[in-house]
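Text of data-v6.tsv, listed as TSV, N, CA and C atoms:
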chain	number	residue	atom	x	y	z
Q	12	MET	N	123.80	29.22	5.92
Q	12	MET	CA	123.26	29.98	7.03
Q	12	MET	C	124.13	31.21	7.25
Q	13	THR	N	123.53	32.35	7.41
Q	13	THR	CA	124.25	33.60	7.62
Q	13	THR	C	124.46	33.82	9.11
Q	14	ILE	N	125.68	34.20	9.48
Q	14	ILE	CA	125.99	34.49	10.87
Q	14	ILE	C	125.74	35.98	11.09
Q	15	PRO	N	124.94	36.33	12.12
Q	15	PRO	CA	124.67	37.75	12.34
Q	15	PRO	C	125.95	38.51	12.70
Q	16	TYR	N	126.03	39.72	12.23
Q	16	TYR	CA	127.19	40.57	12.47
Q	16	TYR	C	126.97	41.35	13.75
Q	17	THR	N	127.83	41.17	14.72
Q	17	THR	CA	127.66	41.85	16.00
Q	17	THR	C	128.91	42.63	16.35
Q	18	TYR	N	128.73	43.65	17.15
Q	18	TYR	CA	129.85	44.43	17.67
Q	18	TYR	C	129.80	44.40	19.19
Q	19	ALA	N	130.96	44.60	19.80
Q	19	ALA	CA	131.04	44.67	21.25
Q	19	ALA	C	130.24	45.88	21.73
Q	20	THR	N	129.62	45.75	22.88
Q	20	THR	CA	128.87	46.87	23.42
Q	20	THR	C	129.78	47.71	24.31
Q	21	ALA	N	129.61	48.99	24.24
Q	21	ALA	CA	130.44	49.92	25.01
Q	21	ALA	C	129.67	50.40	26.24
Q	22	GLY	N	130.40	50.55	27.32
Q	22	GLY	CA	129.82	51.11	28.53
Q	22	GLY	C	129.93	52.62	28.50
Q	23	PRO	N	129.30	53.29	29.44
Q	23	PRO	CA	129.32	54.76	29.44
Q	23	PRO	C	130.71	55.34	29.68
Q	24	ASP	N	131.61	54.57	30.29
Q	24	ASP	CA	132.95	55.08	30.57
Q	24	ASP	C	133.98	54.70	29.51
Q	25	ASP	N	133.55	53.93	28.51
Q	25	ASP	CA	134.49	53.52	27.46
Q	25	ASP	C	134.81	54.70	26.55
Q	26	ARG	N	136.10	54.96	26.38
Q	26	ARG	CA	136.56	56.03	25.50
Q	26	ARG	C	137.52	55.42	24.49
Q	27	TYR	N	136.99	55.07	23.34
Q	27	TYR	CA	137.83	54.47	22.32
Q	27	TYR	C	137.57	55.13	20.97
Q	28	VAL	N	138.52	54.93	20.08
Q	28	VAL	CA	138.39	55.37	18.69
Q	28	VAL	C	138.52	54.12	17.83
Q	29	ASP	N	138.26	54.25	16.55
Q	29	ASP	CA	138.42	53.07	15.70
Q	29	ASP	C	139.87	52.89	15.28
Q	30	GLY	N	140.15	51.78	14.65
Q	30	GLY	CA	141.51	51.42	14.29
Q	30	GLY	C	142.22	52.36	13.33
Q	31	ASN	N	141.48	53.25	12.68
Q	31	ASN	CA	142.13	54.22	11.79
Q	31	ASN	C	143.09	55.12	12.54
Q	32	ALA	N	142.88	55.26	13.84
Q	32	ALA	CA	143.78	56.07	14.66
Q	32	ALA	C	145.18	55.46	14.75
Q	33	LEU	N	145.32	54.20	14.36
Q	33	LEU	CA	146.61	53.52	14.41
Q	33	LEU	C	147.48	53.78	13.19
Q	34	ALA	N	146.92	54.38	12.16
Q	34	ALA	CA	147.64	54.55	10.89
Q	34	ALA	C	148.99	55.23	11.09
Q	35	GLY	N	149.01	56.32	11.81
Q	35	GLY	CA	150.26	57.05	12.02
Q	35	GLY	C	151.23	56.28	12.90
Q	36	LEU	N	150.73	55.70	13.98
Q	36	LEU	CA	151.59	54.96	14.90
Q	36	LEU	C	152.23	53.73	14.23
Q	37	LEU	N	151.42	52.97	13.51
Q	37	LEU	CA	151.93	51.73	12.92
Q	37	LEU	C	152.67	51.94	11.60
Q	38	SER	N	152.52	53.10	10.96
Q	38	SER	CA	153.23	53.33	9.70
Q	38	SER	C	154.73	53.44	9.93
Q	39	GLU	N	155.13	53.67	11.18
Q	39	GLU	CA	156.55	53.68	11.51
Q	39	GLU	C	157.12	52.26	11.56
Q	40	ILE	N	156.24	51.28	11.73
Q	40	ILE	CA	156.67	49.89	11.85
Q	40	ILE	C	156.43	49.11	10.55
Q	41	PHE	N	155.24	49.32	9.94
Q	41	PHE	CA	154.83	48.58	8.74
Q	41	PHE	C	154.76	49.50	7.54
Q	42	SER	N	155.00	48.96	6.37
Q	42	SER	CA	154.87	49.77	5.15
Q	42	SER	C	153.41	49.78	4.71
Q	43	GLY	N	153.06	50.78	3.93
Q	43	GLY	CA	151.69	50.90	3.45
Q	43	GLY	C	150.75	51.33	4.56
Q	44	ASP	N	149.47	51.13	4.34
Q	44	ASP	CA	148.46	51.49	5.34
Q	44	ASP	C	148.19	50.27	6.21
Q	45	PRO	N	148.70	50.25	7.44
Q	45	PRO	CA	148.55	49.07	8.29
Q	45	PRO	C	147.11	48.80	8.73
Q	46	THR	N	146.24	49.79	8.64
Q	46	THR	CA	144.87	49.59	9.09
Q	46	THR	C	144.06	48.72	8.11
Q	47	LEU	N	144.58	48.50	6.92
Q	47	LEU	CA	143.90	47.65	5.94
Q	47	LEU	C	144.17	46.17	6.16
Q	48	HIS	N	145.21	45.84	6.92
Q	48	HIS	CA	145.56	44.44	7.15
Q	48	HIS	C	144.51	43.77	8.02
Q	49	GLU	N	144.23	42.51	7.70
Q	49	GLU	CA	143.27	41.76	8.48
Q	49	GLU	C	143.86	41.33	9.80
Q	50	CYS	N	143.04	41.35	10.83
Q	50	CYS	CA	143.45	40.94	12.16
Q	50	CYS	C	142.43	39.92	12.65
Q	51	ARG	N	142.91	38.74	13.05
Q	51	ARG	CA	142.03	37.68	13.54
Q	51	ARG	C	142.13	37.59	15.05
Q	52	CYS	N	140.99	37.68	15.70
Q	52	CYS	CA	140.92	37.65	17.17
Q	52	CYS	C	141.10	36.22	17.67
Q	53	ALA	N	141.95	36.05	18.66
Q	53	ALA	CA	142.17	34.73	19.24
Q	53	ALA	C	140.98	34.28	20.08
Q	54	ALA	N	140.23	35.22	20.63
Q	54	ALA	CA	139.13	34.86	21.52
Q	54	ALA	C	137.87	34.42	20.78
Q	55	CYS	N	137.43	35.22	19.81
Q	55	CYS	CA	136.17	34.89	19.11
Q	55	CYS	C	136.38	34.45	17.67
Q	56	HIS	N	137.62	34.51	17.19
Q	56	HIS	CA	138.02	34.07	15.85
Q	56	HIS	C	137.43	34.89	14.71
Q	57	SER	N	136.92	36.07	14.99
Q	57	SER	CA	136.45	36.93	13.92
Q	57	SER	C	137.64	37.60	13.25
Q	58	THR	N	137.51	37.87	11.96
Q	58	THR	CA	138.57	38.50	11.18
Q	58	THR	C	138.04	39.79	10.59
Q	59	GLU	N	138.73	40.86	10.87
Q	59	GLU	CA	138.33	42.19	10.41
Q	59	GLU	C	139.58	42.98	10.04
Q	60	PRO	N	139.45	44.01	9.20
Q	60	PRO	CA	140.57	44.92	9.01
Q	60	PRO	C	140.89	45.61	10.33
Q	61	LEU	N	142.13	45.89	10.56
Q	61	LEU	CA	142.54	46.55	11.80
Q	61	LEU	C	141.81	47.87	12.01
Q	62	ALA	N	141.36	48.49	10.92
Q	62	ALA	CA	140.64	49.77	11.00
Q	62	ALA	C	139.35	49.66	11.82
Q	63	ARG	N	138.80	48.47	11.95
Q	63	ARG	CA	137.54	48.30	12.69
Q	63	ARG	C	137.75	48.00	14.17
Q	64	ALA	N	138.98	47.86	14.59
Q	64	ALA	CA	139.26	47.53	16.00
Q	64	ALA	C	138.89	48.69	16.91
Q	65	LEU	N	138.72	48.38	18.19
Q	65	LEU	CA	138.48	49.39	19.22
Q	65	LEU	C	139.83	49.77	19.80
Q	66	VAL	N	140.18	51.04	19.73
Q	66	VAL	CA	141.51	51.49	20.14
Q	66	VAL	C	141.39	52.42	21.34
Q	67	TYR	N	142.04	52.03	22.42
Q	67	TYR	CA	142.04	52.83	23.66
Q	67	TYR	C	143.41	53.48	23.78
Q	68	MET	N	143.43	54.81	23.72
Q	68	MET	CA	144.70	55.54	23.70
Q	68	MET	C	144.91	56.40	24.94
Q	69	ASP	N	144.05	56.25	25.96
Q	69	ASP	CA	144.14	57.14	27.10
Q	69	ASP	C	144.94	56.56	28.27
Q	70	GLY	N	145.67	55.48	28.06
Q	70	GLY	CA	146.51	54.90	29.10
Q	70	GLY	C	147.98	55.16	28.82
Q	71	PRO	N	148.85	54.50	29.54
Q	71	PRO	CA	150.28	54.69	29.30
Q	71	PRO	C	150.73	54.11	27.95
Q	72	GLY	N	149.90	53.25	27.37
Q	72	GLY	CA	150.16	52.70	26.05
Q	72	GLY	C	148.85	52.67	25.29
Q	73	THR	N	148.86	52.05	24.13
Q	73	THR	CA	147.66	51.93	23.31
Q	73	THR	C	147.22	50.48	23.34
Q	74	VAL	N	145.94	50.25	23.62
Q	74	VAL	CA	145.37	48.90	23.67
Q	74	VAL	C	144.40	48.76	22.52
Q	75	ILE	N	144.56	47.69	21.74
Q	75	ILE	CA	143.70	47.43	20.59
Q	75	ILE	C	142.86	46.21	20.92
Q	76	ARG	N	141.53	46.39	20.88
Q	76	ARG	CA	140.60	45.32	21.23
Q	76	ARG	C	139.76	44.91	20.03
Q	77	CYS	N	139.26	43.70	20.07
Q	77	CYS	CA	138.39	43.17	19.03
Q	77	CYS	C	137.08	43.94	18.99
Q	78	ALA	N	136.61	44.28	17.81
Q	78	ALA	CA	135.35	45.00	17.66
Q	78	ALA	C	134.15	44.14	17.97
Q	79	HIS	N	134.33	42.82	18.00
Q	79	HIS	CA	133.21	41.91	18.23
Q	79	HIS	C	133.06	41.51	19.70
Q	80	CYS	N	134.18	41.14	20.33
Q	80	CYS	CA	134.09	40.63	21.70
Q	80	CYS	C	134.87	41.47	22.71
Q	81	ALA	N	135.59	42.48	22.26
Q	81	ALA	CA	136.37	43.41	23.10
Q	81	ALA	C	137.58	42.75	23.76
Q	82	ALA	N	137.99	41.58	23.29
Q	82	ALA	CA	139.21	40.96	23.82
Q	82	ALA	C	140.43	41.75	23.36
Q	83	VAL	N	141.46	41.81	24.19
Q	83	VAL	CA	142.69	42.51	23.83
Q	83	VAL	C	143.41	41.70	22.75
Q	84	MET	N	143.75	42.36	21.63
Q	84	MET	CA	144.47	41.70	20.55
Q	84	MET	C	145.91	42.18	20.46
Q	85	LEU	N	146.12	43.49	20.62
Q	85	LEU	CA	147.45	44.08	20.49
Q	85	LEU	C	147.65	45.14	21.55
Q	86	ARG	N	148.92	45.36	21.91
Q	86	ARG	CA	149.29	46.48	22.77
Q	86	ARG	C	150.47	47.17	22.11
Q	87	LEU	N	150.43	48.49	22.10
Q	87	LEU	CA	151.47	49.28	21.48
Q	87	LEU	C	151.97	50.30	22.49
Q	88	THR	N	153.26	50.25	22.78
Q	88	THR	CA	153.85	51.15	23.76
Q	88	THR	C	155.12	51.76	23.18
Q	89	THR	N	155.27	53.06	23.35
Q	89	THR	CA	156.49	53.75	22.93
Q	89	THR	C	157.24	54.19	24.18
Q	90	THR	N	158.50	53.79	24.24
Q	90	THR	CA	159.36	54.13	25.38
Q	90	THR	C	160.62	54.80	24.83
Q	91	PRO	N	161.48	55.31	25.69
Q	91	PRO	CA	162.73	55.89	25.21
Q	91	PRO	C	163.61	54.88	24.47
Q	92	THR	N	163.41	53.59	24.72
Q	92	THR	CA	164.23	52.57	24.05
Q	92	THR	C	163.62	52.10	22.73
Q	93	GLY	N	162.40	52.53	22.41
Q	93	GLY	CA	161.80	52.13	21.14
Q	93	GLY	C	160.31	51.88	21.26
Q	94	THR	N	159.74	51.36	20.19
Q	94	THR	CA	158.32	51.04	20.14
Q	94	THR	C	158.15	49.54	20.31
Q	95	HIS	N	157.21	49.16	21.17
Q	95	HIS	CA	156.97	47.75	21.47
Q	95	HIS	C	155.55	47.39	21.03
Q	96	LEU	N	155.42	46.43	20.13
Q	96	LEU	CA	154.12	45.93	19.69
Q	96	LEU	C	153.97	44.52	20.23
Q	97	THR	N	152.99	44.33	21.10
Q	97	THR	CA	152.74	43.03	21.70
Q	97	THR	C	151.49	42.44	21.07
Q	98	VAL	N	151.62	41.27	20.48
Q	98	VAL	CA	150.50	40.56	19.89
Q	98	VAL	C	150.10	39.49	20.89
Q	99	THR	N	148.83	39.47	21.29
Q	99	THR	CA	148.39	38.48	22.27
Q	99	THR	C	148.37	37.09	21.66
Q	100	ALA	N	148.31	36.09	22.50
Q	100	ALA	CA	148.38	34.69	22.06
Q	100	ALA	C	147.35	34.37	20.98
Q	101	GLU	N	147.84	33.84	19.90
Q	101	GLU	CA	147.04	33.37	18.77
Q	101	GLU	C	146.27	34.44	18.01
Q	102	THR	N	146.51	35.71	18.28
Q	102	THR	CA	145.96	36.77	17.43
Q	102	THR	C	146.85	36.83	16.20
Q	103	THR	N	146.25	37.00	15.05
Q	103	THR	CA	146.99	36.96	13.80
Q	103	THR	C	146.81	38.26	13.02
Q	104	LEU	N	147.91	38.83	12.56
Q	104	LEU	CA	147.85	39.93	11.61
Q	104	LEU	C	148.22	39.35	10.25
Q	105	HIS	N	147.41	39.61	9.23
Q	105	HIS	CA	147.66	39.06	7.90
Q	105	HIS	C	148.15	40.16	6.97
Q	106	PHE	N	149.29	39.92	6.34
Q	106	PHE	CA	149.87	40.86	5.40
Q	106	PHE	C	149.82	40.26	4.02
Q	107	ALA	N	148.94	40.78	3.17
Q	107	ALA	CA	148.82	40.29	1.81
Q	107	ALA	C	150.05	40.70	1.00
Q	108	PRO	N	150.44	39.91	0.00
Q	108	PRO	CA	151.60	40.28	-0.82
Q	108	PRO	C	151.35	41.59	-1.56
Q	109	GLN	N	152.40	42.38	-1.65
Q	109	GLN	CA	152.30	43.67	-2.36
Q	109	GLN	C	152.39	43.42	-3.86
Q	110	PRO	N	151.56	44.09	-4.66
Q	110	PRO	CA	151.60	43.90	-6.12
Q	110	PRO	C	152.86	44.46	-6.74
Could you spell out this file's structure in structure tokens?
Amino acid sequence: MTIPYTYATAGPDDRYVDGNALAGLLSEIFSGDPTLHECRCAACHSTEPLARALVYMDGPGTVIRCAHCAAVMLRLTTTPTGTHLTVTAETTLHFAPQP
């Protein structure tokens, strides 16, 4: 049985970009292109490349939400003391071995 592919619906006030906007921010933390890594949502358990996430950059930090259910998966904040990446409970980032 095939599971239908769904995306979270956006409201008229939602201002987000896709996960490709994270490439520059996360390249300072991870090697390679971090947007290619799979990210598993703790809320709906869908697994997608980080590039497909919904990224909200208009707050004091960056919030990364699931493209399927819009649950918060990651938060990225840069302060004078450094960059802070918060992974929400049971959200998983998968890093495949480098060839």
(message) Would you compute the distance between atom C of Q:Leu85 and atom N of Q:Val66? Give it in Å to one decimal.
(response)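 Atom C of Q:Leu85 sits 9.7 Å away from atom N of Q:Val66.
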(message) So the first atom is atom CA of Q:His105 and the second is atom CA of Q:Ser42; what is the distance between them in Å, to one decimal place?
(response) 13.2 Å
Contact check, stretch 45-77 of chain Q to stretch 96-100 of chain Q, at most 8 Å, counting all atoms listed in the file, closest pairs as CSV:
residue,atom,partner,partner_atom,distance
Q:Cys52,C,Q:Ala100,C,7.3
Q:Ala53,CA,Q:Ala100,C,5.5
Q:Ala54,N,Q:Ala100,C,7.2
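The shortest atom-to-atom distance to Q:Thr46, with all atoms listed in the file taken into account, belongs to Q:Leu33 out of Q:Leu87, Q:Leu33, Q:Leu104, Q:Ala78.
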(message) Please report the interatomic distance between atom C of Q:Leu47 and atom CA of Q:Phe106 in Å with one decimal.
(response)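 Between these atoms lies a distance of 7.8 Å.
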Report as AutoDock Vina command-line options the centre and the edge lengths, in Å to one decimal, of the axis-aligned box holding every listed atom of stretch 30-39 of chain Q, padded by 8 Å on each side.
--center_x 148.6 --center_y 54.2 --center_z 12.3 --size_x 33.0 --size_y 21.6 --size_z 21.2
What lies within 6.5 Å of Q:Asn31 using all atoms listed in the file, ignoring chain neighbours under 3 positions off, as an mmCIF file with N, CA and C atoms, in the frame of the given file?
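As a result, out.cif now contains:
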data_model
loop_
_atom_site.group_PDB
_atom_site.id
_atom_site.type_symbol
_atom_site.label_atom_id
_atom_site.label_comp_id
_atom_site.auth_asym_id
_atom_site.auth_seq_id
_atom_site.Cartn_x
_atom_site.Cartn_y
_atom_site.Cartn_z
ATOM 1 N N VAL Q 28 138.520 54.930 20.080
ATOM 2 C CA VAL Q 28 138.390 55.370 18.690
ATOM 3 C C VAL Q 28 138.520 54.120 17.830
ATOM 4 N N ALA Q 34 146.920 54.380 12.160
ATOM 5 C CA ALA Q 34 147.640 54.550 10.890
ATOM 6 C C ALA Q 34 148.990 55.230 11.090
ATOM 7 N N GLY Q 35 149.010 56.320 11.810
ATOM 8 C CA GLY Q 35 150.260 57.050 12.020
ATOM 9 C C GLY Q 35 151.230 56.280 12.900
ATOM 10 N N THR Q 46 146.240 49.790 8.640
ATOM 11 C CA THR Q 46 144.870 49.590 9.090
ATOM 12 C C THR Q 46 144.060 48.720 8.110
ATOM 13 N N LEU Q 61 142.130 45.890 10.560
ATOM 14 C CA LEU Q 61 142.540 46.550 11.800
ATOM 15 C C LEU Q 61 141.810 47.870 12.010
ATOM 16 N N ALA Q 62 141.360 48.490 10.920
ATOM 17 C CA ALA Q 62 140.640 49.770 11.000
ATOM 18 C C ALA Q 62 139.350 49.660 11.820
ATOM 19 N N ARG Q 63 138.800 48.470 11.950
ATOM 20 C CA ARG Q 63 137.540 48.300 12.690
ATOM 21 C C ARG Q 63 137.750 48.000 14.170
ATOM 22 N N ALA Q 64 138.980 47.860 14.590
ATOM 23 C CA ALA Q 64 139.260 47.530 16.000
ATOM 24 C C ALA Q 64 138.890 48.690 16.910
#
